[in-house]
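Worksheet: the structure to be examined is printed underneath.
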Amino acid sequence: MSSTYTKLIVGWVALAGLLVLGFRLNPIDYAVENIQHEFSWASIVPSDKLEWTDCYSAHQCARLNVPLNYSEPEGEKAAIALTRYPAAVPADSPLYRGPVLFNPGGPGGSGVDMIALAGSALAVMVGPEFDIIGFDPRGVSHSTPRVSFFETNMERNAWGNPSLTDLNSSSDALGRFWARAQVYNRFAAERGSYQHINTDNTARDMLQIVRAHGREKLQYWGISYGSVLGAVFASMFPDKVERIVIDGVVDAENYFDALWSNNLLDTDKALQAFFDGCVAAGPEACAFHAPTPEAIFKNLTTLFKSIQTRPIPVHGPPGGSRLIDYDLLRRLVLATLYWPYSLFSPVAALLAALARGDEALPILLPIPTFECPNDPAEHQFDNVADSQVAIICNDGRAVPSGFDEAEKHYQMMAKTSSWGSILASVRIMCSGWPEDTPKRHFQGPVTGNTSFPLLIIGNTADPITPLQNAKKMSKAFTGSVVLTQDCPGHTSLAGASPCTWGYIREYFLNGTLPDNDIVCPVLGSLFPNPGASGLQENEQTVFSAARRDMFNFEAFETVQSSARRSMTNFLL
């Protein structure tokens with residue numbers, strides 16, 4: 001395998017932050033480790049007002065006190081961590097347009113890390129008139145209380161983090177996953193069920209953030225799970241909407257029903273884009289090439305079957321070998337569909353090498369490590385996958401704990417899609433989640449006549465939030481408009497579209513909505529020729545440095561604070 005492909009696979013698969021199953025894939029990101037070593041969140045004392053402190057590079061940070069339980073506003077507090085990339089104009093300027101809050105999905109994605117890495121690039125997209133605000137939702141990363149099911153890192157290392165599994169990978173995969181869910185959820189009960197860690201409370205927190213800025217209406221851009229958060233805010237506070245963009249739309253009704261059964265409607269369309277693009281690109285650009293899409297599909301199916309009974313050892317540097325089995329490969333291929341323009345080529349090279357039985361493959365994933373720090377406080381703000389479980393399981397309706405119910409759901413999901421055997425584990429992960437009290441928090445209806453219409457964005461071949469979801473959501477909010485982006489991948493950030501960015505900027509700046517039938521094209525090639533950027537010469541002008549920075553914000557979202565730690569995510 002060429003050194004170019006080696007670098008691509010290591011770089012993109014090990015570092016790319018892929019949005020998967022409504023969860024963020026959260027690989028170790030050395031850029032995030034670097035910024036987190038630049039600043040200590042423990043140095044900020046939470047306050048009832050926003051008190052900004054210089055942090056990272058050209059950013060400011062704060063920790064805002066909010067009620068942990070809004071029914072007891074004078075009781076225990078949660079501290080919400082925020083990072084701000086300041087507007088280019090002062091707050092007293094007539095050009096200043098206030099804060100725009102971002103949520104990078106997950107649930108459990110760190111908005112703080114996102115803005116610390118790419119606040120300047122997002123300011124280019126949205127406009128220099130706005131403060132660009134990232135915040136960690138309650139329970140997540142730098143916000144406290146932080147969700148963690150384990151008392152110690154040693155206990156976490158022994159059990160591993162909760163993650164999704166292909167329940168068809170072995171005869172006992174379903175039973176093992178269900179049993180582990182019971183253990184994780186018992187840990188959650190022992191630590192406290194975190195019953196106030198849910199989406200409606202995060203929506204209330206966003207209103208507190210807006211008011212702390214001296215304003216009454218929200219400006220917001222949420223992607224993937226962030227679409228649920230934005231829609232919940234619009235439902236709970238319809239008169240507090242100034243601008244809301246929801247992008248890569250989750251079916252909120254299905255989400256609160258804890259089913260996740262409508263997510264895979266366009267997954268095969270995204271996979272078909274891989275097959276068709278590979279054929280069109282030819283063997284020089286697509287290493288997994290075959291003469292027809294049907295032949296590539298057959299070769300991929302054959303590889304899956306082969307590796308299910310004969311996993312492939314991958315040899316790396318000392319201590320750096322991994323085993324690629326059916327479960328990991330299936331999850332990796334599904335993950336690839338989220339970022340086709342950056343991942344199709346390197347993953348095609350990987351598939352070709354696996355099909356050859358090449359054991360000298362580059363390592364796909366960072367090697368898990370475990371350390372016992374002298375100072376446990378050093379890791380008090382680490383992000384872990386537990387927050388994803390807590391938010392999803394608290395938000396959704398109660399899931400029966402019995403194995404028979406889990407098996408029934410798995411069988412239903414397996415019939416809906418060949419990828420249903422992976423997504424079924426989302427609901428099963430909540431099997432046995434502790435229920436201290438009946439659920440009384442907001443679970444819909446998600447609908448409203450908002451003070452300003454929503455801009456809703458969907459891709460034509462989004463593998464996990466189908467375009468149908470965006471259209472369904474639009475019907476629930478008076479005056480809202482669906483902007484369609486014509487590409488595979490998850491959320492509008494999967495493809496480079498100056499058309500989409502232009503509409504987003506006009507919406508935030510002037511309140512201009514596109515017509516409902518607008519379809520935005522994207523730039524680039526799914527399989528660029530080796531050595532080429534994938535863009536035509538005239539496209540290079542539009543594909544600016546700001547675009548590359550903006551993509552990095554999405555690619556580098558992470559839930560870990562240290563490269564020492566293994567990936568803590570749901571899919572890989």
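Residue numbering restarts at 1 for every chain of the structure tokens, chains are lettered A, B, ... in their displayed order, and ligands are numbered from 1 as they appear.
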(Q) Report as JSON, numbers by chain all protein, DNA and RNA residues lying within 6 Å of region 470-480 of chain A, evaluated on only C-alpha atoms, omitting residues in the same chain fewer than 2 positions from it. (A) {"A": [249, 447, 448, 449, 453, 454, 455, 458, 467, 468]}
Mind writing the picked residues with C-alpha atoms as a compact mmCIF listing (two decimals), in the first residue's frame?
```txt
# COMPACT_ATOMS: atom_id res chain seq x y z
CA VAL A 249 -32.69 16.20 11.35
CA THR A 447 -44.25 21.51 17.22
CA GLY A 448 -44.86 25.23 17.39
CA ASN A 449 -45.70 28.58 15.83
CA PRO A 453 -39.42 30.57 11.18
CA LEU A 454 -36.85 27.78 11.41
CA LEU A 455 -34.37 26.90 8.65
CA GLY A 458 -31.35 17.82 4.96
CA LEU A 467 -34.42 13.83 4.20
CA GLN A 468 -37.91 12.64 5.13
```
Check which residues of region 247-325 of chain A sit at most 8 Å from region 418-427 of chain A using only C-alpha atoms, and return one row each with the closest pair of atoms and their distance in Å to one decimal, ordered by chain and rising number, as CSV.
```
residue,atom,partner,partner_atom,distance
A:Ala258,CA,A:Arg427,CA,5.9
A:Leu259,CA,A:Arg427,CA,6.1
A:Trp260,CA,A:Arg427,CA,7.2
A:Leu264,CA,A:Trp419,CA,7.5
```
Q. Which residue out of A:Glu284, A:Pro291, A:Thr450, A:Leu351 has the minimum interatomic distance to Pro528 (chain A) when only C-alpha atoms are used?
A. A:Glu284
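The coordinates place CA of Gly175 (chain A) at 24.7 Å from CA of Thr301 (chain A).
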Where does region 233-346 of chain A meet region 105-119 of chain A within 12 Å, residue by residue, with the nearest atom pair and distance in Å to one decimal for each, counting only C-alpha atoms, listed by chain and rising number, as JSON lines?
```
{"residue": "A:Ile246", "atom": "CA", "partner": "A:Gly105", "partner_atom": "CA", "distance": 10.6}
{"residue": "A:Asp247", "atom": "CA", "partner": "A:Gly105", "partner_atom": "CA", "distance": 9.9}
{"residue": "A:Gly248", "atom": "CA", "partner": "A:Gly105", "partner_atom": "CA", "distance": 9.5}
{"residue": "A:Val249", "atom": "CA", "partner": "A:Gly105", "partner_atom": "CA", "distance": 10.5}
{"residue": "A:Val250", "atom": "CA", "partner": "A:Gly105", "partner_atom": "CA", "distance": 10.3}
{"residue": "A:Tyr255", "atom": "CA", "partner": "A:Pro107", "partner_atom": "CA", "distance": 11.7}
```
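Among the candidate residues A:Thr144, A:Met125, A:Ala173, A:Tyr70, the one lying nearest to Glu506 (chain A) is A:Met125, with distances computed using only C-alpha atoms.
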**Q.** Computed interatomic separation between CA of Pro311 (chain A) and CA of Asp325 (chain A) (Å)
**A.** 4.5 Å
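For the choices A:Pro313, A:Gly230, A:Pro530, A:Gly502, the atom-to-atom distance to Val126 (chain A) is smallest for A:Gly502 when using only C-alpha atoms.
When only C-alpha atoms are used to measure the gap to Arg156 (chain A), the shortest distance among A:Asp386, A:Leu207, A:Arg97, A:Ser306 belongs to A:Asp386.
Look at region 398-408 of chain A: the protein and nucleic acid residues within 8 Å of it, using only C-alpha atoms and passing over chain neighbours fewer than 6 places away, are Leu174, Gly175, Trp178, Gln182, Ala258, Arg427, Ile428, Cys430, Ser431, Gly432, Trp433 and Glu435 of chain A.
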Once you have the residues from the selection above, write them out as a PDB file, in the first residue's frame, restricted to C-alpha atoms.
```pdb
ATOM      1  CA  LEU A 174     -27.222  -9.791  21.318  1.00  0.00           C
ATOM      2  CA  GLY A 175     -27.190 -11.544  24.686  1.00  0.00           C
ATOM      3  CA  TRP A 178     -28.068  -6.810  26.603  1.00  0.00           C
ATOM      4  CA  GLN A 182     -27.813  -4.186  32.614  1.00  0.00           C
ATOM      5  CA  ALA A 258     -36.708   5.439  22.167  1.00  0.00           C
ATOM      6  CA  ARG A 427     -32.600   1.219  22.366  1.00  0.00           C
ATOM      7  CA  ILE A 428     -31.229  -1.934  23.989  1.00  0.00           C
ATOM      8  CA  CYS A 430     -31.375   1.767  27.686  1.00  0.00           C
ATOM      9  CA  SER A 431     -32.729  -1.595  28.813  1.00  0.00           C
ATOM     10  CA  GLY A 432     -32.806  -1.503  32.594  1.00  0.00           C
ATOM     11  CA  TRP A 433     -32.046   2.211  32.847  1.00  0.00           C
ATOM     12  CA  GLU A 435     -36.200   4.976  36.878  1.00  0.00           C
TER      13      GLU A 435
END
```
